[in-house]
file upload01.txt (compact mmCIF, C-alpha atoms)
# COMPACT_ATOMS: atom_id res chain seq x y z
CA MET A 40 4.69 -23.88 -12.04
CA THR A 41 5.59 -20.78 -10.15
CA ASP A 42 8.77 -19.05 -11.08
CA GLN A 43 11.26 -17.67 -8.68
CA ALA A 44 12.46 -14.79 -10.85
CA ILE A 45 10.64 -11.51 -10.33
CA ASN A 46 9.49 -9.96 -13.59
CA THR A 47 8.17 -6.49 -13.01
CA PRO A 48 7.80 -3.48 -15.23
CA GLN A 49 10.89 -1.33 -15.17
CA ALA A 50 10.98 2.09 -13.59
CA THR A 51 8.77 4.64 -15.23
CA ARG A 52 10.37 6.75 -17.92
CA LYS A 53 9.02 10.19 -18.59
CA VAL A 54 8.08 11.39 -22.02
CA GLY A 55 6.86 14.86 -22.82
CA ALA A 56 7.92 18.38 -22.10
CA GLU A 57 6.58 18.98 -18.62
CA ALA A 58 7.43 17.47 -15.28
CA ILE A 59 4.81 14.84 -14.57
CA PRO A 60 4.09 12.53 -11.68
CA SER A 61 5.05 8.88 -11.96
CA ARG A 62 4.23 7.47 -8.53
CA SER A 63 1.97 4.46 -8.42
CA GLU A 64 -0.62 6.39 -6.44
CA ASP A 65 -1.06 8.76 -9.35
CA LEU A 66 -2.18 5.93 -11.60
CA GLY A 67 -5.87 5.14 -11.95
CA ALA A 68 -5.24 1.39 -11.95
CA PRO A 69 -2.41 -1.13 -11.81
CA LEU A 70 -0.12 -1.45 -14.81
CA TYR A 71 0.41 -5.14 -14.28
CA ILE A 72 -1.54 -7.90 -12.58
CA ALA A 73 0.10 -11.25 -11.97
CA TRP A 74 -2.68 -13.76 -11.37
CA GLN A 75 -1.96 -17.18 -9.95
CA VAL A 76 -5.06 -18.73 -11.43
CA THR A 77 -4.77 -22.02 -9.52
CA ASN A 78 -2.42 -23.68 -7.09
CA GLU A 79 -2.97 -27.02 -8.80
CA CYS A 80 -0.01 -28.30 -10.79
CA ASN A 81 0.96 -31.46 -12.62
CA LEU A 82 4.52 -31.12 -11.27
CA ALA A 83 5.94 -30.78 -7.75
CA CYS A 84 9.12 -28.80 -8.29
CA LEU A 85 11.80 -28.69 -5.60
CA HIS A 86 11.89 -24.89 -5.56
CA CYS A 87 8.23 -23.95 -6.12
CA ILE A 88 7.51 -20.81 -4.14
CA GLU A 89 3.79 -21.60 -3.96
CA GLU A 90 4.21 -25.24 -2.92
CA SER A 91 2.01 -26.16 -5.87
CA GLY A 92 1.54 -29.72 -6.99
CA PRO A 93 -1.00 -32.42 -7.74
CA GLY A 94 -3.98 -32.01 -5.41
CA LYS A 95 -2.68 -28.67 -4.12
CA ALA A 96 -5.50 -26.45 -5.43
CA PHE A 97 -6.83 -24.14 -2.71
CA ARG A 98 -10.22 -25.27 -1.48
CA ASP A 99 -11.58 -21.75 -1.96
CA GLU A 100 -10.25 -20.93 -5.44
CA PHE A 101 -12.41 -18.65 -7.60
CA ASP A 102 -15.35 -20.34 -9.31
CA ALA A 103 -16.11 -19.62 -12.97
CA SER A 104 -18.37 -16.67 -12.22
CA GLN A 105 -15.76 -15.06 -9.93
CA VAL A 106 -13.07 -15.67 -12.55
CA PHE A 107 -14.91 -13.75 -15.26
CA SER A 108 -16.15 -11.04 -12.91
CA PHE A 109 -12.51 -10.36 -12.00
CA LEU A 110 -11.39 -10.40 -15.63
CA GLU A 111 -14.15 -7.94 -16.54
CA GLN A 112 -12.76 -5.55 -13.94
CA VAL A 113 -9.25 -5.96 -15.34
CA ILE A 114 -10.50 -5.07 -18.83
CA ASP A 115 -12.74 -2.22 -17.63
CA LEU A 116 -9.84 -0.61 -15.76
CA GLU A 117 -7.65 -0.99 -18.86
CA VAL A 118 -4.91 -2.83 -17.01
CA PRO A 119 -2.42 -3.05 -19.87
CA TYR A 120 -0.65 -6.23 -18.88
CA LEU A 121 -1.82 -9.42 -17.22
CA SER A 122 -0.15 -12.75 -16.61
CA PHE A 123 -1.61 -16.14 -15.77
CA SER A 124 0.57 -18.32 -13.59
CA GLY A 125 -0.05 -20.90 -10.89
CA GLY A 126 0.36 -23.70 -10.07
CA GLU A 127 0.13 -24.61 -13.69
CA PRO A 128 -2.36 -22.24 -15.35
CA MET A 129 -3.06 -24.59 -18.24
CA VAL A 130 -4.68 -27.16 -15.91
CA HIS A 131 -7.34 -24.61 -14.95
CA PRO A 132 -10.69 -25.85 -16.38
CA GLN A 133 -11.46 -22.45 -17.93
CA PHE A 134 -7.93 -21.70 -19.12
CA PHE A 135 -8.71 -21.21 -22.80
CA GLU A 136 -11.95 -19.33 -22.15
CA MET A 137 -10.06 -16.98 -19.82
CA THR A 138 -7.32 -16.51 -22.40
CA GLU A 139 -9.85 -15.77 -25.13
CA PHE A 140 -11.75 -13.39 -22.86
CA VAL A 141 -8.68 -11.26 -22.20
CA CYS A 142 -7.13 -11.34 -25.66
CA THR A 143 -10.31 -10.59 -27.59
CA ARG A 144 -10.85 -7.52 -25.41
CA GLY A 145 -7.45 -6.04 -26.16
CA GLY A 146 -5.58 -7.25 -23.07
CA GLN A 147 -1.93 -8.16 -23.34
CA LEU A 148 -1.56 -11.56 -21.73
CA LYS A 149 1.44 -13.61 -20.75
CA ILE A 150 1.10 -17.28 -19.82
CA GLU A 151 3.69 -18.67 -17.38
CA THR A 152 3.77 -22.43 -17.77
CA ASN A 153 5.92 -25.49 -17.17
CA GLY A 154 5.49 -26.33 -20.85
CA HIS A 155 3.92 -29.75 -20.42
CA TYR A 156 0.61 -28.89 -22.11
CA LEU A 157 2.03 -27.19 -25.17
CA ASN A 158 0.95 -29.65 -27.82
CA THR A 159 0.45 -28.47 -31.38
CA GLU A 160 -3.28 -27.87 -30.99
CA ASN A 161 -2.90 -25.81 -27.81
CA CYS A 162 -0.09 -23.74 -29.30
CA ASN A 163 -2.19 -22.99 -32.36
CA ARG A 164 -5.03 -21.84 -30.11
CA LEU A 165 -2.66 -19.56 -28.18
CA LYS A 166 -1.45 -18.14 -31.48
CA ALA A 167 -5.02 -17.58 -32.66
CA PHE A 168 -5.71 -15.58 -29.50
CA GLU A 169 -2.50 -13.58 -30.06
CA VAL A 170 -1.21 -13.97 -26.51
CA LYS A 171 1.62 -11.54 -25.81
CA ALA A 172 3.99 -14.32 -24.82
CA VAL A 173 4.26 -17.75 -23.27
CA GLN A 174 6.96 -18.05 -20.64
CA VAL A 175 8.28 -21.58 -20.14
CA SER A 176 10.39 -22.67 -17.20
CA LEU A 177 13.50 -24.51 -18.32
CA ASP A 178 15.67 -24.95 -15.25
CA GLY A 179 18.41 -26.80 -17.00
CA ALA A 180 19.98 -27.30 -20.36
CA SER A 181 19.96 -31.06 -19.94
CA ARG A 182 17.50 -33.80 -19.11
CA GLU A 183 19.43 -34.63 -15.95
CA THR A 184 19.20 -31.23 -14.27
CA PHE A 185 15.71 -30.37 -15.49
CA ASN A 186 14.18 -33.64 -14.35
CA ARG A 187 15.97 -33.44 -10.99
CA MET A 188 14.39 -30.04 -10.30
CA ARG A 189 10.96 -30.62 -11.78
CA ILE A 190 9.57 -33.66 -10.02
CA ARG A 191 7.17 -35.49 -12.38
CA GLY A 192 8.44 -33.26 -15.17
CA ASP A 193 9.94 -34.37 -18.45
CA TYR A 194 12.62 -32.29 -20.15
CA ASP A 195 11.80 -33.70 -23.56
CA VAL A 196 8.13 -32.81 -23.23
CA ALA A 197 8.96 -29.23 -22.19
CA ILE A 198 11.44 -28.81 -25.05
CA GLU A 199 8.91 -30.22 -27.51
CA GLY A 200 6.37 -27.76 -26.10
CA VAL A 201 8.68 -24.80 -26.73
CA ARG A 202 9.33 -26.05 -30.26
CA ASN A 203 5.56 -26.26 -30.82
CA LEU A 204 5.18 -22.67 -29.63
CA HIS A 205 7.86 -21.56 -32.05
CA ALA A 206 6.29 -23.46 -34.92
CA ALA A 207 2.94 -21.84 -34.17
CA GLY A 208 4.53 -18.37 -34.07
CA VAL A 209 3.86 -17.64 -30.39
CA PRO A 210 6.41 -15.28 -28.76
CA ILE A 211 8.51 -17.25 -26.26
CA GLU A 212 10.17 -16.31 -22.99
CA ILE A 213 12.31 -18.68 -20.95
CA ASN A 214 12.65 -18.61 -17.18
CA TYR A 215 15.53 -20.25 -15.31
CA SER A 216 15.82 -20.80 -11.55
CA PRO A 217 19.41 -21.41 -10.40
CA THR A 218 20.37 -24.22 -8.05
CA ARG A 219 23.69 -25.67 -7.02
CA PHE A 220 23.18 -28.49 -9.51
CA ASN A 221 22.22 -26.44 -12.59
CA VAL A 222 24.21 -23.17 -12.29
CA HIS A 223 26.98 -24.55 -14.49
CA GLU A 224 24.52 -24.94 -17.36
CA ILE A 225 23.46 -21.32 -17.51
CA GLY A 226 25.49 -20.50 -20.61
CA ALA A 227 24.14 -23.53 -22.43
CA ALA A 228 20.62 -22.67 -21.24
CA VAL A 229 20.81 -19.19 -22.80
CA ASP A 230 22.14 -20.73 -26.02
CA LEU A 231 19.29 -23.24 -25.95
CA ALA A 232 16.69 -20.51 -25.41
CA TYR A 233 17.98 -18.70 -28.48
CA GLU A 234 18.07 -21.89 -30.52
CA LEU A 235 14.46 -22.61 -29.51
CA GLY A 236 13.38 -19.18 -30.78
CA ALA A 237 12.86 -17.31 -27.50
CA TYR A 238 13.04 -13.52 -27.51
CA SER A 239 13.58 -13.16 -23.76
CA PHE A 240 15.39 -15.04 -20.99
CA TYR A 241 14.77 -14.33 -17.29
CA THR A 242 16.60 -15.43 -14.19
CA GLY A 243 17.51 -14.25 -10.71
CA ARG A 244 18.36 -15.71 -7.34
CA THR A 245 16.39 -18.62 -5.98
CA MET A 246 14.37 -17.63 -2.95
CA TYR A 247 14.20 -19.41 0.39
CA THR A 248 10.48 -19.99 0.50
CA GLY A 249 7.82 -22.52 -0.44
CA ASN A 250 9.18 -25.95 -1.30
CA ALA A 251 12.71 -24.53 -1.28
CA VAL A 252 12.60 -24.32 2.52
CA LYS A 253 12.49 -28.11 2.69
CA THR A 254 14.97 -28.66 -0.13
CA TRP A 255 17.39 -25.79 0.50
CA HIS A 256 20.27 -28.13 1.27
CA LEU A 257 19.90 -29.55 -2.24
CA LEU A 258 19.23 -26.27 -4.00
CA ALA A 259 21.07 -23.28 -2.59
CA PRO A 260 23.95 -22.18 -4.81
CA THR A 261 27.03 -20.92 -3.00
CA GLU A 262 28.03 -17.28 -3.33
CA GLU A 263 30.99 -18.40 -5.44
CA GLN A 264 28.60 -20.18 -7.77
CA TYR A 265 26.44 -17.06 -8.01
CA VAL A 266 29.47 -14.93 -8.88
CA GLU A 267 30.27 -17.22 -11.80
CA TYR A 268 26.58 -17.50 -12.72
CA PHE A 269 26.17 -13.76 -13.13
CA ARG A 270 29.54 -13.42 -14.87
CA VAL A 271 28.34 -15.81 -17.55
CA LEU A 272 25.01 -13.99 -17.78
CA HIS A 273 26.78 -10.66 -18.34
CA GLU A 274 28.71 -12.28 -21.18
CA LYS A 275 25.61 -13.84 -22.67
CA ARG A 276 23.72 -10.56 -22.47
CA ASP A 277 26.43 -8.95 -24.58
CA GLU A 278 26.71 -11.91 -26.93
CA TYR A 279 22.98 -11.95 -27.70
CA HIS A 280 22.42 -8.20 -27.71
CA GLY A 281 19.69 -7.36 -30.20
CA ARG A 282 18.74 -11.02 -30.70
CA LEU A 283 17.69 -12.32 -27.27
CA ARG A 284 16.94 -10.19 -24.25
CA VAL A 285 18.90 -11.75 -21.38
CA HIS A 286 17.37 -10.26 -18.26
CA PHE A 287 18.59 -11.09 -14.76
CA HIS A 288 18.19 -9.78 -11.22
CA GLU A 289 21.59 -9.81 -9.61
CA MET A 290 20.31 -8.01 -6.56
CA GLY A 291 19.56 -10.05 -3.49
CA LEU A 292 16.05 -10.16 -2.09
CA LEU A 293 16.79 -7.71 0.72
CA GLU A 294 18.10 -5.05 -1.65
CA GLU A 295 15.17 -5.63 -3.99
CA LEU A 296 12.63 -5.22 -1.20
CA ARG A 297 14.32 -2.12 0.19
CA TYR A 298 14.08 -0.62 -3.29
CA ARG A 299 10.41 -1.63 -3.59
CA LEU A 300 9.61 0.04 -0.29
CA GLN A 301 10.72 3.33 -1.79
CA HIS A 302 9.43 2.62 -5.28
CA PRO A 303 6.42 0.29 -5.21
CA ALA A 304 5.83 -1.18 -8.65
CA ALA A 305 2.31 -0.63 -9.98
CA LEU A 306 1.47 -4.29 -9.81
CA LEU A 307 -0.77 -6.57 -7.83
CA ILE A 308 -0.37 -10.28 -7.19
CA VAL A 309 -3.72 -12.06 -7.20
CA LEU A 310 -3.91 -15.46 -5.53
CA PRO A 311 -6.21 -18.28 -6.72
CA ASN A 312 -8.76 -17.44 -4.00
CA GLY A 313 -8.90 -13.71 -4.79
CA LEU A 314 -6.61 -12.49 -2.04
CA VAL A 315 -4.33 -9.76 -3.31
CA LYS A 316 -0.68 -9.43 -2.32
CA LEU A 317 1.64 -6.48 -2.81
CA ILE A 318 4.52 -8.59 -4.05
CA ASN A 319 5.31 -12.29 -4.08
CA ALA A 320 8.28 -11.99 -1.76
CA LEU A 321 6.23 -10.50 1.10
CA PRO A 322 3.46 -12.15 3.12
CA PHE A 323 1.24 -9.05 3.16
CA VAL A 324 -2.30 -9.17 1.78
CA CYS A 325 -3.78 -5.81 0.81
CA GLY A 326 -7.21 -6.87 -0.41
CA ASP A 327 -9.75 -9.57 -1.12
CA LEU A 328 -11.48 -9.63 -4.49
CA ARG A 329 -14.34 -11.69 -3.06
CA ARG A 330 -15.31 -8.72 -0.92
CA GLN A 331 -13.80 -5.70 -2.67
CA SER A 332 -13.60 -4.44 -6.21
CA LEU A 333 -10.27 -4.15 -7.98
CA SER A 334 -10.69 -0.34 -7.90
CA GLU A 335 -11.15 -0.34 -4.14
CA ILE A 336 -8.07 -2.47 -3.62
CA TRP A 337 -6.02 -0.29 -5.93
CA ALA A 338 -7.15 2.87 -4.12
CA ASN A 339 -5.58 1.46 -0.95
CA PHE A 340 -2.42 0.20 -2.64
CA GLU A 341 -0.10 3.06 -1.69
CA ASN A 342 -1.39 3.15 1.90
CA ALA A 343 -0.77 -0.56 2.16
CA TRP A 344 2.86 -0.13 1.14
CA ASN A 345 3.23 2.53 3.83
CA ASP A 346 2.11 0.16 6.60
CA PRO A 347 5.01 0.09 9.10
CA ARG A 348 4.81 -3.70 9.38
CA ILE A 349 6.19 -4.01 5.85
CA ALA A 350 9.32 -1.95 6.54
CA GLU A 351 9.78 -3.85 9.82
CA PHE A 352 9.53 -7.18 8.00
CA VAL A 353 12.03 -6.09 5.34
CA GLU A 354 14.54 -4.83 7.90
CA ALA A 355 14.17 -7.99 9.95
CA LEU A 356 15.28 -9.90 6.84
CA ALA A 357 18.69 -8.25 7.20
CA THR A 358 19.35 -10.22 10.38
CA ASP A 359 17.11 -13.20 9.70
CA PRO A 360 17.02 -14.12 5.98
CA GLU A 361 14.97 -17.20 6.84
CA LYS A 362 11.93 -15.02 7.51
CA THR A 363 10.97 -15.61 3.88
CA SER A 364 10.10 -19.17 4.87
CA ALA A 365 6.87 -17.75 6.32
CA LEU A 366 5.58 -16.02 3.17
CA HIS A 367 2.54 -18.27 3.10
CA LYS A 368 1.42 -17.18 6.54
CA TRP A 369 -0.47 -14.24 5.17
CA VAL A 370 -0.56 -10.99 7.11
CA TYR A 371 -3.69 -8.93 6.44
CA LEU A 372 -3.05 -5.18 6.24
CA MET B 57 0.76 5.47 -38.19
CA LYS B 58 -0.34 3.41 -35.21
CA LEU B 59 0.88 2.17 -31.86
CA ALA B 60 3.20 -0.82 -32.14
CA LYS B 61 1.69 -4.25 -31.53
CA TYR B 62 2.84 -4.65 -27.95
CA VAL B 63 2.20 -1.09 -26.83
CA LYS B 64 -0.77 -0.19 -24.68
CA PHE B 65 -1.94 3.34 -23.88
CA ARG B 66 -4.06 4.39 -20.93
CA GLU B 67 -5.24 7.87 -20.04
CA GLU B 68 -4.41 9.16 -16.57
CA LYS B 69 -5.20 12.35 -14.65
CA PHE B 70 -1.70 13.64 -15.39
CA GLY B 71 -1.84 12.63 -19.06
CA GLY B 72 -1.28 8.98 -19.77
CA VAL B 73 0.99 5.96 -19.74
CA LEU B 74 2.42 3.91 -22.55
CA PHE B 75 3.40 0.37 -21.65
CA GLU B 76 5.64 -1.58 -24.00
CA THR B 77 4.85 -5.05 -22.76
CA ARG B 78 7.65 -6.93 -24.57
CA SER B 79 10.44 -4.95 -22.92
CA GLU B 80 8.19 -4.16 -19.90
CA LYS B 81 9.09 -0.48 -20.13
CA VAL B 82 6.60 2.08 -18.92
CA TYR B 83 6.51 5.65 -20.21
CA SER B 84 4.64 8.40 -18.40
CA LEU B 85 3.14 11.02 -20.68
CA ASN B 86 2.19 14.60 -19.88
CA ALA B 87 -1.12 15.97 -21.16
CA THR B 88 0.33 17.16 -24.47
CA ALA B 89 2.06 13.86 -25.17
CA ALA B 90 -1.12 11.98 -24.28
CA ALA B 91 -3.06 14.12 -26.77
CA VAL B 92 -0.58 13.13 -29.46
CA VAL B 93 -1.05 9.45 -28.68
CA ARG B 94 -4.82 9.84 -28.76
CA ALA B 95 -4.50 11.45 -32.18
CA ILE B 96 -2.31 8.57 -33.37
CA GLU B 97 -4.92 6.10 -32.15
CA GLN B 98 -7.50 7.85 -34.33
CA GLY B 99 -5.48 6.75 -37.37
CA GLY B 100 -3.89 8.35 -40.40
CA GLY B 101 -0.37 9.26 -41.41
CA GLN B 102 1.96 11.55 -39.48
CA ARG B 103 0.86 14.68 -41.38
CA GLU B 104 -2.78 13.87 -40.73
CA VAL B 105 -2.12 13.30 -37.03
CA ILE B 106 -0.27 16.60 -36.71
CA ASP B 107 -2.92 18.53 -38.67
CA ARG B 108 -5.60 17.14 -36.38
CA LEU B 109 -3.67 18.26 -33.30
CA MET B 110 -3.03 21.73 -34.77
CA GLU B 111 -6.73 22.13 -35.35
CA ASP B 112 -7.71 20.84 -31.90
CA PHE B 113 -5.20 23.11 -30.16
CA HIS B 114 -5.76 26.14 -32.46
CA ASP B 115 -2.09 26.16 -33.28
CA ARG B 116 -1.28 29.60 -34.73
CA ASP B 117 2.46 29.87 -34.17
CA GLY B 118 3.47 26.31 -35.04
CA ALA B 119 4.36 25.41 -31.45
CA VAL B 120 2.02 22.42 -31.35
CA GLU B 121 3.21 21.29 -34.77
CA ASN B 122 6.85 21.33 -33.67
CA GLU B 123 6.21 19.69 -30.34
CA ALA B 124 4.05 16.96 -31.84
CA ALA B 125 6.58 16.22 -34.58
CA ALA B 126 9.39 15.99 -32.03
CA PHE B 127 7.35 13.71 -29.82
CA ILE B 128 6.37 11.43 -32.70
CA ALA B 129 10.04 11.16 -33.63
CA GLN B 130 10.73 10.15 -30.02
CA LEU B 131 8.00 7.50 -30.18
CA GLU B 132 9.43 6.14 -33.42
CA GLU B 133 12.94 6.06 -32.01
CA ASN B 134 11.70 3.98 -29.07
CA GLY B 135 9.75 1.62 -31.34
CA LEU B 136 6.44 2.65 -29.81
CA VAL B 137 4.73 3.57 -33.09
CA VAL B 138 4.91 2.05 -36.54
CA ASN B 139 3.84 3.31 -39.93
call {"tool": "encode", "arguments": {"input": "upload01.txt", "output": "structure tokens"}}
result
Amino acid sequence: MTDQAINTPQATRKVGAEAIPSRSEDLGAPLYIAWQVTNECNLACLHCIEESGPGKAFRDEFDASQVFSFLEQVIDLEVPYLSFSGGEPMVHPQFFEMTEFVCTRGGQLKIETNGHYLNTENCNRLKAFEVKAVQVSLDGASRETFNRMRIRGDYDVAIEGVRNLHAAGVPIEINYSPTRFNVHEIGAAVDLAYELGAYSFYTGRTMYTGNAVKTWHLLAPTEEQYVEYFRVLHEKRDEYHGRLRVHFHEMGLLEELRYRLQHPAALLIVLPNGLVKLINALPFVCGDLRRQSLSEIWANFENAWNDPRIAEFVEALATDPEKTSALHKWVYL
Amino acid sequence: MKLAKYVKFREEKFGGVLFETRSEKVYSLNATAAAVVRAIEQGGGQREVIDRLMEDFHDRDGAVENEAAAFIAQLEENGLVVN
């Protein structure tokens, strides 16, 4: 599964008496790495931004030795926060070894999953490793909407998976991608997340990219629907204050990217084959872990964001929002 | 006193960063604040942490003591350290 909502660390807050720098270029390493460990997935969701699915693994995905060489660099550079996503990360043959590797070396790890492999045994293993959180995609508060969105998916299996996480004591986050056929369930979905024991709920606007390009006519909520969607979310945020963190990006993609141009988040997106992107919503590749170290790629991070092609791409979105349909045609900086 | 479970600290040229990974909030620390966090990571109660800093910084007028105590209170208020 690959979520549509963008979860990134919030703006840097300053603590201490003196004025101090807080630009990404002043940091010795990223603060967050989002690693799509495989493009293989057991589901074929209508909105998947990575077009993941059965048989969709990249032919050149990292082998086991490249996987652990990369993870060693992440630990050595003390990257405080790492996530595994996909595709479905739990179908990766080394998933549990990778999880153990990170967690036993002090890394804070989040797993982003479709929830279909969360049986009791797997949840107990995730608890034993003390993963920071498992984020499960629940794009619907009913079997009808969930199963319509998540082709090959089973609402009951995902719900059972979340219950298994809760029983094992693993911190739970829920992610929700809005569509025209599930927006009306958002209030019930937040209620469900709380009832299932989640501590965080994420959502945003569904992006026109990946599988959504082909299914947009089925998916795209109207602006009126979005207005109501976010109204309910504001209410739910207040209702669950202090009990469930209801986090949502109301901003459209263009506004988000314009902000990022001025304030690049200290994160890298790593693809299954080691290519490194600046942000999911842009096609730009700023490094290749098969040829460069993580340090080398990070050293060029700020320069990469300053490449004029990025600002041109973002501004072109203002007149042609469908440019996001080409996010998988990578542009090498 | 220790850093809360979901808080990670990393030293930087300008001092350090604290990352609270549950809320995904990042705090930049100046050199003094980073020294306080390092002292917390070494273990002990608040008094022990402050005494260690006073010794390291040759605190004669109590400035380090006051600043460290204020900063620790700030960390506690933000849920970044626990006793």
call {"tool": "atom_distance", "arguments": {"input": "upload01.txt", "atom1": "atom CA of Gly208 of chain A", "atom2": "atom CA of Tyr238 of chain A"}}
result
11.8 Å
call {"tool": "closest_atom_pairs", "arguments": {"input": "upload01.txt", "of": "chain B", "to": "chain A", "cutoff": "10 Å", "atoms": "only C-alpha atoms", "output": "JSON lines"}}
result
{"residue": "B:Lys61", "atom": "CA", "partner": "A:Lys171", "partner_atom": "CA", "distance": 9.3}
{"residue": "B:Tyr62", "atom": "CA", "partner": "A:Lys171", "partner_atom": "CA", "distance": 7.3}
{"residue": "B:Val63", "atom": "CA", "partner": "A:Pro119", "partner_atom": "CA", "distance": 8.6}
{"residue": "B:Lys64", "atom": "CA", "partner": "A:Pro119", "partner_atom": "CA", "distance": 5.8}
{"residue": "B:Phe65", "atom": "CA", "partner": "A:Pro119", "partner_atom": "CA", "distance": 7.6}
{"residue": "B:Arg66", "atom": "CA", "partner": "A:Glu117", "partner_atom": "CA", "distance": 6.8}
{"residue": "B:Glu67", "atom": "CA", "partner": "A:Gly67", "partner_atom": "CA", "distance": 8.6}
{"residue": "B:Glu68", "atom": "CA", "partner": "A:Gly67", "partner_atom": "CA", "distance": 6.3}
{"residue": "B:Lys69", "atom": "CA", "partner": "A:Asp65", "partner_atom": "CA", "distance": 7.6}
{"residue": "B:Phe70", "atom": "CA", "partner": "A:Ile59", "partner_atom": "CA", "distance": 6.7}
{"residue": "B:Gly71", "atom": "CA", "partner": "A:Ile59", "partner_atom": "CA", "distance": 8.3}
{"residue": "B:Gly72", "atom": "CA", "partner": "A:Leu66", "partner_atom": "CA", "distance": 8.8}
{"residue": "B:Val73", "atom": "CA", "partner": "A:Leu66", "partner_atom": "CA", "distance": 8.7}
{"residue": "B:Leu74", "atom": "CA", "partner": "A:Pro119", "partner_atom": "CA", "distance": 8.9}
{"residue": "B:Phe75", "atom": "CA", "partner": "A:Pro119", "partner_atom": "CA", "distance": 7.0}
{"residue": "B:Glu76", "atom": "CA", "partner": "A:Pro119", "partner_atom": "CA", "distance": 9.2}
{"residue": "B:Thr77", "atom": "CA", "partner": "A:Tyr120", "partner_atom": "CA", "distance": 6.8}
{"residue": "B:Arg78", "atom": "CA", "partner": "A:Lys171", "partner_atom": "CA", "distance": 7.7}
{"residue": "B:Ser79", "atom": "CA", "partner": "A:Pro48", "partner_atom": "CA", "distance": 8.3}
{"residue": "B:Glu80", "atom": "CA", "partner": "A:Pro48", "partner_atom": "CA", "distance": 4.7}
{"residue": "B:Lys81", "atom": "CA", "partner": "A:Gln49", "partner_atom": "CA", "distance": 5.3}
{"residue": "B:Val82", "atom": "CA", "partner": "A:Thr51", "partner_atom": "CA", "distance": 5.0}
{"residue": "B:Tyr83", "atom": "CA", "partner": "A:Arg52", "partner_atom": "CA", "distance": 4.6}
{"residue": "B:Ser84", "atom": "CA", "partner": "A:Lys53", "partner_atom": "CA", "distance": 4.7}
{"residue": "B:Leu85", "atom": "CA", "partner": "A:Val54", "partner_atom": "CA", "distance": 5.1}
{"residue": "B:Asn86", "atom": "CA", "partner": "A:Gly55", "partner_atom": "CA", "distance": 5.5}
{"residue": "B:Ala87", "atom": "CA", "partner": "A:Gly55", "partner_atom": "CA", "distance": 8.2}
{"residue": "B:Thr88", "atom": "CA", "partner": "A:Gly55", "partner_atom": "CA", "distance": 7.1}
{"residue": "B:Ala89", "atom": "CA", "partner": "A:Gly55", "partner_atom": "CA", "distance": 5.4}
{"residue": "B:Ala90", "atom": "CA", "partner": "A:Gly55", "partner_atom": "CA", "distance": 8.6}
{"residue": "B:Glu123", "atom": "CA", "partner": "A:Ala56", "partner_atom": "CA", "distance": 8.5}
{"residue": "B:Ala124", "atom": "CA", "partner": "A:Gly55", "partner_atom": "CA", "distance": 9.7}
{"residue": "B:Ala126", "atom": "CA", "partner": "A:Gly55", "partner_atom": "CA", "distance": 9.6}
{"residue": "B:Phe127", "atom": "CA", "partner": "A:Gly55", "partner_atom": "CA", "distance": 7.1}
{"residue": "B:Gln130", "atom": "CA", "partner": "A:Val54", "partner_atom": "CA", "distance": 8.5}
{"residue": "B:Leu131", "atom": "CA", "partner": "A:Val54", "partner_atom": "CA", "distance": 9.0}
call {"tool": "write_last_selection", "arguments": {"input": "upload01.txt", "atoms": "C-alpha atoms", "output": "short mmCIF file (atom, residue, chain, number, x, y, z; two decimals), in the coordinates of the input"}}
result
data_model
loop_
_atom_site.label_atom_id
_atom_site.label_comp_id
_atom_site.auth_asym_id
_atom_site.auth_seq_id
_atom_site.Cartn_x
_atom_site.Cartn_y
_atom_site.Cartn_z
CA LYS B 61 1.69 -4.25 -31.53
CA TYR B 62 2.84 -4.65 -27.95
CA VAL B 63 2.20 -1.09 -26.83
CA LYS B 64 -0.77 -0.19 -24.68
CA PHE B 65 -1.94 3.34 -23.88
CA ARG B 66 -4.06 4.39 -20.93
CA GLU B 67 -5.24 7.87 -20.04
CA GLU B 68 -4.41 9.16 -16.57
CA LYS B 69 -5.20 12.35 -14.65
CA PHE B 70 -1.70 13.64 -15.39
CA GLY B 71 -1.84 12.63 -19.06
CA GLY B 72 -1.28 8.98 -19.77
CA VAL B 73 0.99 5.96 -19.74
CA LEU B 74 2.42 3.91 -22.55
CA PHE B 75 3.40 0.37 -21.65
CA GLU B 76 5.64 -1.58 -24.00
CA THR B 77 4.85 -5.05 -22.76
CA ARG B 78 7.65 -6.93 -24.57
CA SER B 79 10.44 -4.95 -22.92
CA GLU B 80 8.19 -4.16 -19.90
CA LYS B 81 9.09 -0.48 -20.13
CA VAL B 82 6.60 2.08 -18.92
CA TYR B 83 6.51 5.65 -20.21
CA SER B 84 4.64 8.40 -18.40
CA LEU B 85 3.14 11.02 -20.68
CA ASN B 86 2.19 14.60 -19.88
CA ALA B 87 -1.12 15.97 -21.16
CA THR B 88 0.33 17.16 -24.47
CA ALA B 89 2.06 13.86 -25.17
CA ALA B 90 -1.12 11.98 -24.28
CA GLU B 123 6.21 19.69 -30.34
CA ALA B 124 4.05 16.96 -31.84
CA ALA B 126 9.39 15.99 -32.03
CA PHE B 127 7.35 13.71 -29.82
CA GLN B 130 10.73 10.15 -30.02
CA LEU B 131 8.00 7.50 -30.18
#
call {"tool": "atom_distance", "arguments": {"input": "upload01.txt", "atom1": "atom CA of Glu267 of chain A", "atom2": "atom CA of Asn250 of chain A"}}
result
25.1 Å
call {"tool": "atom_distance", "arguments": {"input": "upload01.txt", "atom1": "atom CA of Leu109 of chain B", "atom2": "atom CA of Asp115 of chain A"}}
result
27.3 Å
call {"tool": "closest_atom_pairs", "arguments": {"input": "upload01.txt", "of": "segment 250-366 of chain A", "to": "segment 230-235 of chain A", "cutoff": "12 Å", "atoms": "all atoms listed in the file", "output": "tab-separated table"}}
result
residue	atom	partner	partner_atom	distance
A:Val271	CA	A:Asp230	CA	11.6
A:Leu272	CA	A:Asp230	CA	11.0
A:Glu274	CA	A:Asp230	CA	11.7
A:Lys275	CA	A:Asp230	CA	8.4
A:Arg276	CA	A:Asp230	CA	10.9
A:Glu278	CA	A:Asp230	CA	10.0
A:Tyr279	CA	A:Tyr233	CA	8.4
A:His280	CA	A:Tyr233	CA	11.4
A:Gly281	CA	A:Tyr233	CA	11.6
A:Arg282	CA	A:Tyr233	CA	8.0
A:Leu283	CA	A:Tyr233	CA	6.5
A:Arg284	CA	A:Tyr233	CA	9.6
A:Val285	CA	A:Ala232	CA	9.9
